[in-house]
file data-v6.csv (CSV, C-alpha atoms)
chain,number,residue,atom,x,y,z
I,27,MET,CA,-35.6,-33.3,-35.4
I,28,SER,CA,-35.5,-29.5,-35.4
I,29,THR,CA,-32.4,-27.5,-35.7
I,30,PHE,CA,-30.2,-25.2,-33.5
I,31,THR,CA,-28.2,-22.4,-35.1
I,32,ILE,CA,-24.5,-22.5,-34.1
I,33,ILE,CA,-22.7,-19.2,-34.7
I,34,ASP,CA,-19.0,-19.7,-35.2
I,35,GLY,CA,-17.3,-16.5,-36.2
I,36,GLU,CA,-19.0,-15.1,-39.2
I,37,ARG,CA,-20.7,-18.4,-40.0
I,38,ALA,CA,-24.1,-19.3,-38.6
I,39,VAL,CA,-25.1,-22.9,-39.4
I,40,ALA,CA,-28.2,-24.9,-38.6
I,41,VAL,CA,-27.5,-28.2,-37.0
I,42,PRO,CA,-30.2,-30.8,-36.3
I,43,ALA,CA,-30.5,-30.8,-32.5
I,44,ARG,CA,-32.9,-31.3,-29.6
I,45,VAL,CA,-33.0,-30.0,-26.1
I,46,SER,CA,-33.2,-32.5,-23.3
I,47,GLY,CA,-33.2,-31.6,-19.7
I,48,GLY,CA,-31.9,-28.1,-20.4
I,49,ARG,CA,-29.0,-29.6,-22.5
I,50,VAL,CA,-28.5,-29.1,-26.2
I,51,VAL,CA,-27.8,-32.3,-28.0
I,52,LEU,CA,-26.6,-32.0,-31.6
I,53,GLU,CA,-27.1,-34.8,-34.1
I,54,ALA,CA,-23.6,-36.3,-34.6
I,55,ALA,CA,-23.9,-36.4,-38.4
I,56,GLY,CA,-25.1,-32.8,-38.4
I,57,LEU,CA,-22.1,-31.7,-36.3
I,58,LYS,CA,-19.8,-33.3,-38.9
I,59,ASP,CA,-21.5,-31.7,-41.8
I,60,ALA,CA,-21.9,-28.3,-40.3
I,61,LEU,CA,-18.8,-27.8,-38.2
I,62,GLY,CA,-16.5,-30.6,-39.4
I,63,TRP,CA,-16.1,-32.4,-36.0
I,64,GLU,CA,-16.9,-35.9,-35.1
I,65,VAL,CA,-16.4,-38.2,-32.1
I,66,HIS,CA,-14.9,-41.6,-32.5
I,67,ASP,CA,-12.9,-43.9,-30.3
I,68,GLY,CA,-12.8,-41.4,-27.5
I,69,LEU,CA,-11.4,-38.7,-29.7
I,70,LEU,CA,-12.9,-35.5,-31.1
I,71,CYS,CA,-11.6,-35.1,-34.6
I,72,ASN,CA,-11.7,-32.7,-37.6
I,73,ASP,CA,-9.7,-32.9,-40.8
I,74,ALA,CA,-6.7,-31.4,-39.2
I,75,MET,CA,-6.5,-32.9,-35.7
I,76,CYS,CA,-7.9,-35.1,-33.0
I,77,ILE,CA,-8.4,-34.1,-29.4
I,78,PRO,CA,-8.4,-36.8,-26.7
I,79,LEU,CA,-11.5,-36.7,-24.6
I,80,PRO,CA,-10.9,-37.4,-20.9
I,81,ASP,CA,-14.6,-38.4,-20.6
I,82,ALA,CA,-16.1,-39.3,-23.9
I,83,SER,CA,-19.3,-40.3,-22.2
I,84,ALA,CA,-20.0,-36.7,-21.2
I,85,LEU,CA,-19.8,-35.6,-24.8
I,86,THR,CA,-21.8,-38.3,-26.4
I,87,ARG,CA,-25.3,-38.9,-25.3
I,88,ASP,CA,-28.3,-40.6,-26.9
I,89,ASP,CA,-26.5,-40.8,-30.3
I,90,GLY,CA,-25.8,-37.1,-30.2
I,91,VAL,CA,-23.1,-34.7,-29.0
I,92,ASP,CA,-23.7,-32.5,-26.0
I,93,LEU,CA,-23.0,-28.9,-27.1
I,94,ALA,CA,-21.6,-27.7,-23.7
I,95,ALA,CA,-19.3,-30.7,-23.5
I,96,PHE,CA,-18.3,-30.2,-27.1
I,97,ALA,CA,-17.3,-26.5,-26.4
I,98,ALA,CA,-15.5,-27.6,-23.2
I,99,ALA,CA,-13.5,-30.2,-25.1
I,100,LEU,CA,-12.4,-27.5,-27.5
I,101,ASP,CA,-11.7,-25.1,-24.6
I,102,ARG,CA,-14.1,-22.6,-26.2
I,103,ALA,CA,-16.7,-20.4,-24.5
I,104,VAL,CA,-20.3,-21.1,-25.5
I,105,ALA,CA,-23.4,-18.9,-25.0
I,106,VAL,CA,-26.7,-20.6,-25.5
I,107,ASP,CA,-30.3,-19.4,-25.9
I,108,VAL,CA,-32.6,-22.4,-25.8
I,109,ALA,CA,-35.7,-20.3,-26.5
I,110,GLU,CA,-34.2,-18.8,-29.6
I,111,ARG,CA,-32.5,-22.1,-30.5
I,112,ALA,CA,-29.1,-20.4,-31.1
I,113,ALA,CA,-25.7,-20.8,-29.6
I,114,PHE,CA,-22.5,-18.8,-30.1
I,115,LEU,CA,-19.1,-20.5,-30.0
I,116,GLY,CA,-16.6,-18.0,-28.5
I,117,GLY,CA,-12.9,-17.9,-28.4
I,118,SER,CA,-10.7,-20.0,-26.1
I,119,ALA,CA,-9.3,-18.0,-23.2
I,120,ARG,CA,-6.2,-20.2,-23.3
I,121,GLU,CA,-5.6,-19.7,-27.0
I,122,ARG,CA,-6.2,-16.0,-26.8
I,123,ALA,CA,-3.8,-15.6,-23.9
I,124,GLN,CA,-1.1,-17.7,-25.6
I,125,ALA,CA,-1.4,-15.6,-28.8
I,126,LEU,CA,-1.1,-12.3,-26.9
I,127,ALA,CA,1.7,-13.6,-24.7
I,128,SER,CA,3.6,-14.5,-27.9
I,129,GLN,CA,3.5,-10.8,-28.7
I,130,GLN,CA,2.6,-11.5,-32.3
I,131,ALA,CA,-0.3,-9.3,-33.2
I,132,PRO,CA,-3.3,-11.4,-34.1
I,133,ASP,CA,-4.4,-10.9,-37.7
I,134,PHE,CA,-8.0,-9.8,-38.5
I,135,THR,CA,-10.0,-8.8,-41.5
I,136,LEU,CA,-12.7,-6.1,-41.2
I,137,PRO,CA,-14.6,-3.9,-43.6
I,138,ASP,CA,-14.3,-0.1,-44.1
I,139,LEU,CA,-17.4,2.1,-44.6
I,140,ALA,CA,-17.6,1.0,-48.2
I,141,GLY,CA,-17.6,-2.7,-47.2
I,142,ARG,CA,-14.1,-3.3,-48.6
I,143,PRO,CA,-12.2,-5.8,-46.4
I,144,HIS,CA,-8.8,-4.8,-44.9
I,145,SER,CA,-6.5,-7.1,-43.0
I,146,LEU,CA,-3.7,-6.3,-40.6
I,147,ALA,CA,-1.3,-8.6,-42.4
I,148,GLU,CA,-1.5,-6.3,-45.5
I,149,HIS,CA,0.5,-3.8,-43.6
I,150,ARG,CA,3.4,-6.0,-42.6
I,151,GLY,CA,6.7,-4.2,-43.0
I,152,LYS,CA,5.2,-0.9,-41.6
I,153,LYS,CA,4.9,0.4,-38.1
I,154,ILE,CA,1.2,0.5,-37.1
I,155,LEU,CA,-0.8,2.5,-34.6
I,156,LEU,CA,-3.9,0.4,-34.1
I,157,VAL,CA,-6.7,2.3,-32.5
I,158,ALA,CA,-10.0,0.8,-31.1
I,159,TRP,CA,-12.6,3.5,-30.8
I,160,ALA,CA,-16.4,3.9,-30.8
I,161,SER,CA,-19.1,6.5,-31.3
I,162,TRP,CA,-20.6,5.7,-27.9
N,8,MET,CA,3.4,10.6,-40.1
N,9,THR,CA,1.5,8.3,-42.4
N,10,GLY,CA,3.8,7.2,-45.2
N,11,GLN,CA,5.7,4.2,-46.5
N,12,GLY,CA,6.9,3.1,-43.2
N,13,PHE,CA,3.9,3.8,-41.0
N,14,THR,CA,0.1,3.6,-40.9
N,15,VAL,CA,-2.7,4.2,-38.5
N,16,ILE,CA,-5.6,1.7,-38.6
N,17,THR,CA,-8.7,2.6,-36.7
N,18,VAL,CA,-11.4,0.1,-35.7
N,19,ALA,CA,-14.8,1.3,-34.6
N,20,LEU,CA,-16.6,-1.0,-32.1
N,21,ASP,CA,-20.1,0.2,-33.1
N,22,LYS,CA,-23.4,-1.5,-33.7
N,23,THR,CA,-23.5,-0.4,-37.3
N,24,ALA,CA,-21.3,1.3,-39.8
N,25,GLU,CA,-23.8,4.2,-39.8
N,26,ASP,CA,-23.0,4.9,-36.2
N,27,ALA,CA,-19.3,5.5,-37.0
N,28,ARG,CA,-19.8,7.1,-40.4
N,29,PRO,CA,-20.2,10.7,-39.4
N,30,TRP,CA,-16.9,10.7,-37.5
N,31,ILE,CA,-15.0,8.9,-40.2
N,32,GLU,CA,-16.4,11.1,-43.0
N,33,LYS,CA,-15.5,14.2,-41.0
N,34,ALA,CA,-11.9,13.0,-40.4
N,35,GLN,CA,-11.5,12.0,-44.1
N,36,PRO,CA,-8.7,9.6,-43.1
N,37,THR,CA,-6.1,8.4,-45.6
N,38,HIS,CA,-5.6,5.3,-43.5
N,39,PRO,CA,-7.9,2.3,-43.1
N,40,ALA,CA,-10.9,3.2,-40.9
N,41,LEU,CA,-12.6,-0.1,-40.2
N,42,ILE,CA,-16.0,-1.2,-38.7
N,43,ASP,CA,-16.2,-4.0,-36.2
N,44,THR,CA,-19.9,-4.6,-35.2
N,45,ARG,CA,-19.0,-8.1,-33.9
N,46,HIS,CA,-16.1,-6.9,-31.7
N,47,VAL,CA,-13.6,-9.2,-33.4
N,48,LEU,CA,-10.8,-6.9,-32.3
N,49,ALA,CA,-12.0,-6.9,-28.6
N,50,ASP,CA,-12.0,-10.7,-28.7
N,51,LEU,CA,-8.5,-11.1,-30.3
N,52,TYR,CA,-6.8,-8.3,-28.4
N,53,ASN,CA,-8.6,-8.4,-25.0
N,54,VAL,CA,-9.9,-4.8,-25.5
N,55,VAL,CA,-12.2,-3.8,-22.7
N,56,ASN,CA,-12.7,-0.1,-23.3
N,57,VAL,CA,-12.2,2.6,-25.9
N,58,PRO,CA,-10.0,4.3,-26.9
N,59,THR,CA,-7.4,1.5,-26.7
N,60,ILE,CA,-4.3,1.8,-28.8
N,61,PHE,CA,-1.5,-0.7,-29.8
N,62,TRP,CA,1.8,-0.2,-31.4
N,63,ILE,CA,2.7,-3.0,-33.8
N,64,ASP,CA,6.2,-3.1,-35.4
N,65,GLU,CA,7.4,-4.0,-38.9
N,66,ARG,CA,7.5,-7.7,-38.0
N,67,GLY,CA,3.9,-7.7,-36.7
N,68,ARG,CA,4.8,-7.8,-33.1
N,69,ILE,CA,2.9,-5.9,-30.4
N,70,VAL,CA,5.4,-3.5,-28.9
N,71,ARG,CA,3.0,-1.4,-26.9
N,72,PRO,CA,0.0,-3.4,-25.7
N,73,ASN,CA,-3.5,-2.2,-24.6
N,74,ASP,CA,-2.8,1.4,-23.8
N,75,VAL,CA,-5.2,4.2,-23.3
N,76,ALA,CA,-4.3,7.3,-25.4
N,77,PHE,CA,-6.3,10.0,-27.0
N,78,GLY,CA,-5.7,11.9,-30.3
N,79,THR,CA,-7.0,15.1,-28.8
N,80,ASP,CA,-7.5,16.7,-25.4
N,81,THR,CA,-11.3,16.7,-25.6
N,82,PHE,CA,-11.5,14.4,-22.5
N,83,LYS,CA,-8.5,15.6,-20.7
N,84,HIS,CA,-10.6,17.1,-17.9
N,85,ILE,CA,-12.0,13.6,-17.2
N,86,THR,CA,-9.0,11.4,-17.9
N,87,GLY,CA,-6.1,13.7,-17.0
N,88,LEU,CA,-4.3,12.4,-20.1
N,89,GLU,CA,-2.6,14.8,-22.5
N,90,SER,CA,-2.7,13.6,-26.1
N,91,ALA,CA,0.7,15.3,-26.7
N,92,ARG,CA,2.6,12.8,-24.4
N,93,HIS,CA,1.5,9.8,-26.4
N,94,LEU,CA,2.0,11.6,-29.7
N,95,ALA,CA,5.5,12.5,-28.8
N,96,ALA,CA,6.3,9.0,-27.8
N,97,LEU,CA,4.7,7.7,-31.0
N,98,ARG,CA,6.7,10.1,-33.2
N,99,ALA,CA,9.9,9.1,-31.5
N,100,TRP,CA,9.2,5.4,-32.1
N,101,VAL,CA,8.1,5.8,-35.7
N,102,SER,CA,11.1,8.0,-36.6
N,103,GLY,CA,13.4,5.5,-34.9
N,104,ARG,CA,14.7,8.1,-32.5
N,105,THR,CA,13.7,5.8,-29.6
N,106,PRO,CA,13.4,2.0,-29.6
N,107,ALA,CA,10.1,0.3,-28.7
N,108,PRO,CA,9.8,-1.0,-25.2
N,109,GLY,CA,11.6,-4.3,-24.7
N,110,ALA,CA,10.0,-7.7,-25.0
N,111,ASP,CA,10.1,-8.3,-21.2
N,112,GLU,CA,8.4,-5.0,-20.5
N,113,VAL,CA,5.7,-5.7,-23.1
N,114,ARG,CA,5.1,-9.1,-21.7
N,115,ARG,CA,4.6,-7.6,-18.2
N,116,GLN,CA,2.2,-5.0,-19.5
N,117,GLN,CA,0.1,-7.3,-21.7
N,118,PRO,CA,-3.3,-8.0,-20.1
N,119,LEU,CA,-4.5,-11.6,-20.8
N,120,PRO,CA,-8.1,-12.7,-20.9
N,121,SER,CA,-9.7,-15.0,-18.4
N,122,ALA,CA,-12.2,-17.8,-19.1
N,123,GLU,CA,-14.9,-15.5,-17.6
N,124,ASP,CA,-13.8,-12.7,-20.0
N,125,GLN,CA,-14.2,-15.0,-22.9
N,126,GLN,CA,-17.6,-16.3,-21.7
N,127,ALA,CA,-18.7,-12.6,-21.4
N,128,ARG,CA,-17.6,-12.1,-25.0
N,129,ALA,CA,-19.5,-15.2,-26.1
N,130,GLU,CA,-22.6,-13.8,-24.4
N,131,PHE,CA,-22.0,-10.5,-26.3
N,132,GLY,CA,-21.5,-12.4,-29.5
N,133,LEU,CA,-24.8,-14.3,-29.1
N,134,GLY,CA,-26.6,-11.0,-28.1
N,135,GLN,CA,-25.2,-9.1,-31.1
N,136,TRP,CA,-26.2,-11.9,-33.5
N,137,LEU,CA,-29.8,-12.0,-32.0
N,138,TRP,CA,-30.0,-8.2,-32.2
N,139,ALA,CA,-29.0,-8.3,-35.8
N,140,GLN,CA,-31.7,-10.9,-36.4
N,141,GLY,CA,-34.3,-8.5,-35.1
N,142,ARG,CA,-34.6,-10.2,-31.7
N,143,PRO,CA,-33.7,-7.4,-29.2
N,144,ALA,CA,-35.6,-8.9,-26.2
N,145,ALA,CA,-33.6,-12.1,-26.5
N,146,ALA,CA,-30.4,-10.2,-27.1
N,147,GLU,CA,-30.9,-8.2,-23.9
N,148,ARG,CA,-30.6,-11.4,-21.8
N,149,HIS,CA,-27.1,-12.1,-23.2
N,150,PHE,CA,-25.9,-8.5,-23.0
N,151,VAL,CA,-27.0,-8.4,-19.3
N,152,ARG,CA,-25.2,-11.8,-18.6
N,153,GLY,CA,-22.1,-10.6,-20.4
N,154,GLY,CA,-22.0,-7.5,-18.2
N,155,GLU,CA,-22.4,-9.6,-15.1
N,156,LEU,CA,-19.5,-11.8,-16.1
N,157,ALA,CA,-17.2,-8.9,-17.0
N,158,PRO,CA,-18.6,-5.9,-15.0
N,159,HIS,CA,-15.7,-3.6,-16.0
N,160,ASP,CA,-15.8,-4.4,-19.7
N,161,PHE,CA,-17.0,-1.1,-21.3
N,162,THR,CA,-17.1,-2.6,-24.8
N,163,ILE,CA,-19.8,-5.0,-23.5
N,164,ARG,CA,-21.7,-2.9,-20.9
N,165,ARG,CA,-21.5,0.5,-22.5
N,166,GLY,CA,-21.0,-0.7,-26.1
N,167,THR,CA,-24.3,-2.5,-26.0
N,168,MET,CA,-26.3,0.4,-24.7
N,169,PRO,CA,-27.1,1.9,-28.1
N,170,MET,CA,-28.6,-1.5,-29.1
N,171,ARG,CA,-30.7,-1.6,-26.0
N,172,GLY,CA,-32.2,1.9,-26.2
N,173,ILE,CA,-30.0,3.0,-23.2
N,174,ASP,CA,-28.2,6.4,-23.3
N,175,PRO,CA,-24.5,5.6,-23.2
N,176,MET,CA,-23.9,8.9,-21.5
N,177,GLY,CA,-26.9,8.5,-19.1
N,178,PRO,CA,-27.4,7.3,-15.5
N,179,GLN,CA,-26.6,3.6,-16.2
N,180,PHE,CA,-23.2,4.6,-17.7
N,181,ARG,CA,-22.5,6.9,-14.8
N,182,GLU,CA,-23.3,4.1,-12.3
N,183,MET,CA,-21.0,1.7,-14.2
N,184,LEU,CA,-18.2,4.4,-14.2
N,185,GLN,CA,-18.6,4.9,-10.5
N,186,SER,CA,-18.3,1.3,-9.6
N,187,TRP,CA,-15.3,1.0,-11.9
N,188,VAL,CA,-13.6,3.9,-10.1
N,189,GLY,CA,-14.5,2.3,-6.8
N,190,ALA,CA,-12.8,-0.9,-7.9
N,191,GLY,CA,-9.6,1.0,-8.5
N,192,ARG,CA,-10.0,1.6,-12.2
N,193,PRO,CA,-9.2,-2.0,-13.3
N,194,TYR,CA,-7.4,-2.4,-16.7
N,195,TYR,CA,-7.2,1.3,-17.4
N,196,ARG,CA,-3.9,3.0,-17.3
N,197,PRO,CA,-1.7,4.9,-19.4
N,198,LEU,CA,1.5,2.8,-19.7
N,199,PRO,CA,4.7,4.3,-18.3
N,200,ASP,CA,6.2,6.9,-20.6
N,201,THR,CA,8.7,5.7,-23.1
N,202,ALA,CA,11.9,7.7,-23.6
N,203,GLY,CA,10.4,9.6,-26.5
N,204,THR,CA,7.7,11.1,-24.3
N,205,LYS,CA,10.0,13.5,-22.7
N,206,GLU,CA,11.5,14.8,-25.9
N,207,ASN,CA,9.8,17.4,-28.1
call {"tool": "encode", "arguments": {"input": "data-v6.csv", "output": "structure tokens"}}
result
Amino acid sequence: MSTFTIIDGERAVAVPARVSGGRVVLEAAGLKDALGWEVHDGLLCNDAMCIPLPDASALTRDDGVDLAAFAAALDRAVAVDVAERAAFLGGSARERAQALASQQAPDFTLPDLAGRPHSLAEHRGKKILLVAWASW
Amino acid sequence: MTGQGFTVITVALDKTAEDARPWIEKAQPTHPALIDTRHVLADLYNVVNVPTIFWIDERGRIVRPNDVAFGTDTFKHITGLESARHLAALRAWVSGRTPAPGADEVRRQQPLPSAEDQQARAEFGLGQWLWAQGRPAAAERHFVRGGELAPHDFTIRRGTMPMRGIDPMGPQFREMLQSWVGAGRPYYRPLPDTAGTKEN
């Protein structure tokens, strides 16, 4: 079986997978090794939690896990390029909206020009003007 | 204003650190000036254009969400926004002369992302990854798809132009700008003045 690259945040991991009828089917054992999720007894579980699956049969097919159904179960956006054998797991609209509605500023860590990482949380206790800009 | 109780953090949504470097080196900032090639900030904060500013208080709460404000009057002839108004409001808040907007007001003003917005960001994410892998033709498909899903997201449609060999000031940008104006300038606003604005 060849692999599919799943990009999840900063990580890009190769998961054994095949494409069947335009759908990406990840090998179940590969999904567990690479992303920490597995399906059993109608639940999708990682180390921290289990999510009930309304329709486990949509997720599991031919001993594999359907990537689109996997992303849907996690309420995450997924962009797929079958020709490049790569997929990007995006953020959940529901989670993002809940986080912003809570008014708590989401933490992030990004590098400066020298590559040194800085996180928002380091500045807790100060007032902050956060500015998104670009050269374009 | 930068001191013990206040800092600026700038985040450049650029394709490489090198794109942002000349501006940052010229400004010689004493505050963190960060680079965000993957648009992590846009994803977490629902940023759809630049400049977008936020005020975050000592407890890490957003007290002025997704606002448009400029540090100078360079673009005043286009935007009609005077930098002084925001700066006066900011000074008043930082010095404690005026309180931050209340929680209800902030909640009302906070734009939240839709499933389509997040799908557009996933398409951007895949495109950006492919571009960084040296696969620009494949990246193009996802940049285009992202732009179709979120036609008024400048961070996707305009922000990808430098990766696609398109002039971000050229005809494709002007076309986007025109359709955005025609749609009633979605997302874009200066928030209502806070009390501090009228001081000074």
call {"tool": "closest_atom_pairs", "arguments": {"input": "data-v6.csv", "of": "chain N", "to": "chain I", "cutoff": "6 Å", "atoms": "all atoms listed in the file", "output": "CSV"}}
result
residue,atom,partner,partner_atom,distance
N:Gly12,CA,I:Lys152,CA,4.6
N:Phe13,CA,I:Lys153,CA,4.6
N:Thr14,CA,I:Ile154,CA,5.0
N:Val15,CA,I:Leu155,CA,4.7
N:Ile16,CA,I:Leu156,CA,5.0
N:Thr17,CA,I:Val157,CA,4.7
N:Val18,CA,I:Ala158,CA,4.9
N:Ala19,CA,I:Ala160,CA,4.9
N:Leu20,CA,I:Ala160,CA,5.1
N:Asp21,CA,I:Ala160,CA,5.7
N:Ala27,CA,I:Ser161,CA,5.8
N:Ala40,CA,I:Asp138,CA,5.7
N:Leu41,CA,I:Asp138,CA,4.3
N:Ile42,CA,I:Asp138,CA,5.8
N:Val57,CA,I:Trp159,CA,5.0
N:Pro58,CA,I:Trp159,CA,4.8
N:Thr59,CA,I:Ala158,CA,5.2
N:Ile60,CA,I:Val157,CA,4.4
N:Phe61,CA,I:Leu156,CA,5.0
N:Trp62,CA,I:Leu155,CA,4.9
N:Ile63,CA,I:Ile154,CA,5.0
N:Asp64,CA,I:Lys153,CA,4.6
N:Glu65,CA,I:Gly151,CA,4.2
N:Gly67,CA,I:Ala131,CA,5.7
N:Arg68,CA,I:Gln130,CA,4.4
N:Ile69,CA,I:Gln129,CA,5.2
N:Leu119,CA,I:Ala123,CA,5.1
N:Pro120,CA,I:Ala119,CA,5.9
N:Ser121,CA,I:Ala119,CA,5.7
N:Ala122,CA,I:Ala119,CA,5.0
N:Gln125,CA,I:Ala119,CA,5.8
N:Gln126,CA,I:Ala103,CA,5.0
N:Ala129,CA,I:Gly116,CA,4.7
N:Glu130,CA,I:Ala105,CA,5.2
N:Leu133,CA,I:Phe114,CA,5.2
call {"tool": "closest_residue", "arguments": {"input": "data-v6.csv", "among": "I:Val108, I:Leu52, I:Met75, I:Ala40", "to": "Arg87 of chain I", "atoms": "all atoms listed in the file"}}
result
I:Leu52
call {"tool": "atom_distance", "arguments": {"input": "data-v6.csv", "atom1": "atom CA of Thr23 of chain N", "atom2": "atom CA of Met170 of chain N"}}
result
9.7 Å
call {"tool": "atom_distance", "arguments": {"input": "data-v6.csv", "atom1": "atom CA of Gly109 of chain N", "atom2": "atom CA of Pro72 of chain N"}}
result
11.7 Å
call {"tool": "atom_distance", "arguments": {"input": "data-v6.csv", "atom1": "atom CA of Arg111 of chain I", "atom2": "atom CA of Ala54 of chain I"}}
result
17.3 Å
call {"tool": "closest_residue", "arguments": {"input": "data-v6.csv", "among": "N:Gln179, N:Gln185, N:Asp124, N:Thr162", "to": "Asp43 of chain N", "atoms": "only C-alpha atoms"}}
result
N:Thr162
call {"tool": "residues_around", "arguments": {"input": "data-v6.csv", "residues": "Leu70 of chain I", "least_positions_apart": "3", "cutoff": "9 Å", "atoms": "only C-alpha atoms", "output": "list in words"}}
result
Trp63, Glu64, Val65, His66, Asp67, Met75, Cys76, Ile77, Pro78, Leu79, Ala82, Phe96, Ala99 and Leu100 of chain I
call {"tool": "closest_residue", "arguments": {"input": "data-v6.csv", "among": "N:Gly78, N:Pro106, N:Pro169, N:Gly134", "to": "His93 of chain N", "atoms": "only C-alpha atoms"}}
result
N:Gly78
call {"tool": "residues_around", "arguments": {"input": "data-v6.csv", "residues": "Asn56 of chain N", "least_positions_apart": "4", "cutoff": "10 Å", "atoms": "only C-alpha atoms", "output": "number ranges by chain"}}
result
I: 158-160; N: 20, 49, 73, 75, 159-166, 194-195
call {"tool": "residues_around", "arguments": {"input": "data-v6.csv", "residues": "Val51 of chain I", "least_positions_apart": "3", "cutoff": "9 Å", "atoms": "all atoms listed in the file", "output": "PDB file with C-alpha atoms, keeping the file's coordinate frame"}}
result
ATOM      1  CA  PRO I  42     -30.200 -30.800 -36.300  1.00  0.00           C
ATOM      2  CA  ALA I  43     -30.500 -30.800 -32.500  1.00  0.00           C
ATOM      3  CA  ARG I  44     -32.900 -31.300 -29.600  1.00  0.00           C
ATOM      4  CA  VAL I  45     -33.000 -30.000 -26.100  1.00  0.00           C
ATOM      5  CA  SER I  46     -33.200 -32.500 -23.300  1.00  0.00           C
ATOM      6  CA  ALA I  54     -23.600 -36.300 -34.600  1.00  0.00           C
ATOM      7  CA  THR I  86     -21.800 -38.300 -26.400  1.00  0.00           C
ATOM      8  CA  ARG I  87     -25.300 -38.900 -25.300  1.00  0.00           C
ATOM      9  CA  ASP I  88     -28.300 -40.600 -26.900  1.00  0.00           C
ATOM     10  CA  ASP I  89     -26.500 -40.800 -30.300  1.00  0.00           C
ATOM     11  CA  GLY I  90     -25.800 -37.100 -30.200  1.00  0.00           C
ATOM     12  CA  VAL I  91     -23.100 -34.700 -29.000  1.00  0.00           C
ATOM     13  CA  ASP I  92     -23.700 -32.500 -26.000  1.00  0.00           C
ATOM     14  CA  LEU I  93     -23.000 -28.900 -27.100  1.00  0.00           C
ATOM     15  CA  ALA I  94     -21.600 -27.700 -23.700  1.00  0.00           C
TER      16      ALA I  94
END
call {"tool": "closest_residue", "arguments": {"input": "data-v6.csv", "among": "N:Gly154, N:Gly141, N:Pro199, N:Gly103", "to": "Met183 of chain N", "atoms": "only C-alpha atoms"}}
result
N:Gly154
call {"tool": "residues_around", "arguments": {"input": "data-v6.csv", "residues": "Gly62 of chain I", "least_positions_apart": "6", "cutoff": "9 Å", "atoms": "only C-alpha atoms", "output": "JSON, numbers by chain"}}
result
{"I": [56, 71, 72, 73]}
call {"tool": "decode", "arguments": {"input": "data-v6.csv", "residues": "segment 87-98 of chain N", "atoms": "C-alpha atoms", "output": "PDB file, in the first residue's frame"}}
result
ATOM      1  CA  GLY N  87     -10.714  57.195   4.920  1.00  0.00           C
ATOM      2  CA  LEU N  88      -9.245  56.048   8.250  1.00  0.00           C
ATOM      3  CA  GLU N  89      -7.100  58.356  10.306  1.00  0.00           C
ATOM      4  CA  SER N  90      -4.473  56.540  12.326  1.00  0.00           C
ATOM      5  CA  ALA N  91      -4.725  59.159  15.088  1.00  0.00           C
ATOM      6  CA  ARG N  92      -8.229  58.062  16.086  1.00  0.00           C
ATOM      7  CA  HIS N  93      -7.192  54.514  16.853  1.00  0.00           C
ATOM      8  CA  LEU N  94      -3.955  55.615  18.487  1.00  0.00           C
ATOM      9  CA  ALA N  95      -5.809  58.014  20.786  1.00  0.00           C
ATOM     10  CA  ALA N  96      -8.262  55.281  21.786  1.00  0.00           C
ATOM     11  CA  LEU N  97      -5.393  52.842  22.305  1.00  0.00           C
ATOM     12  CA  ARG N  98      -3.457  55.309  24.492  1.00  0.00           C
TER      13      ARG N  98
END
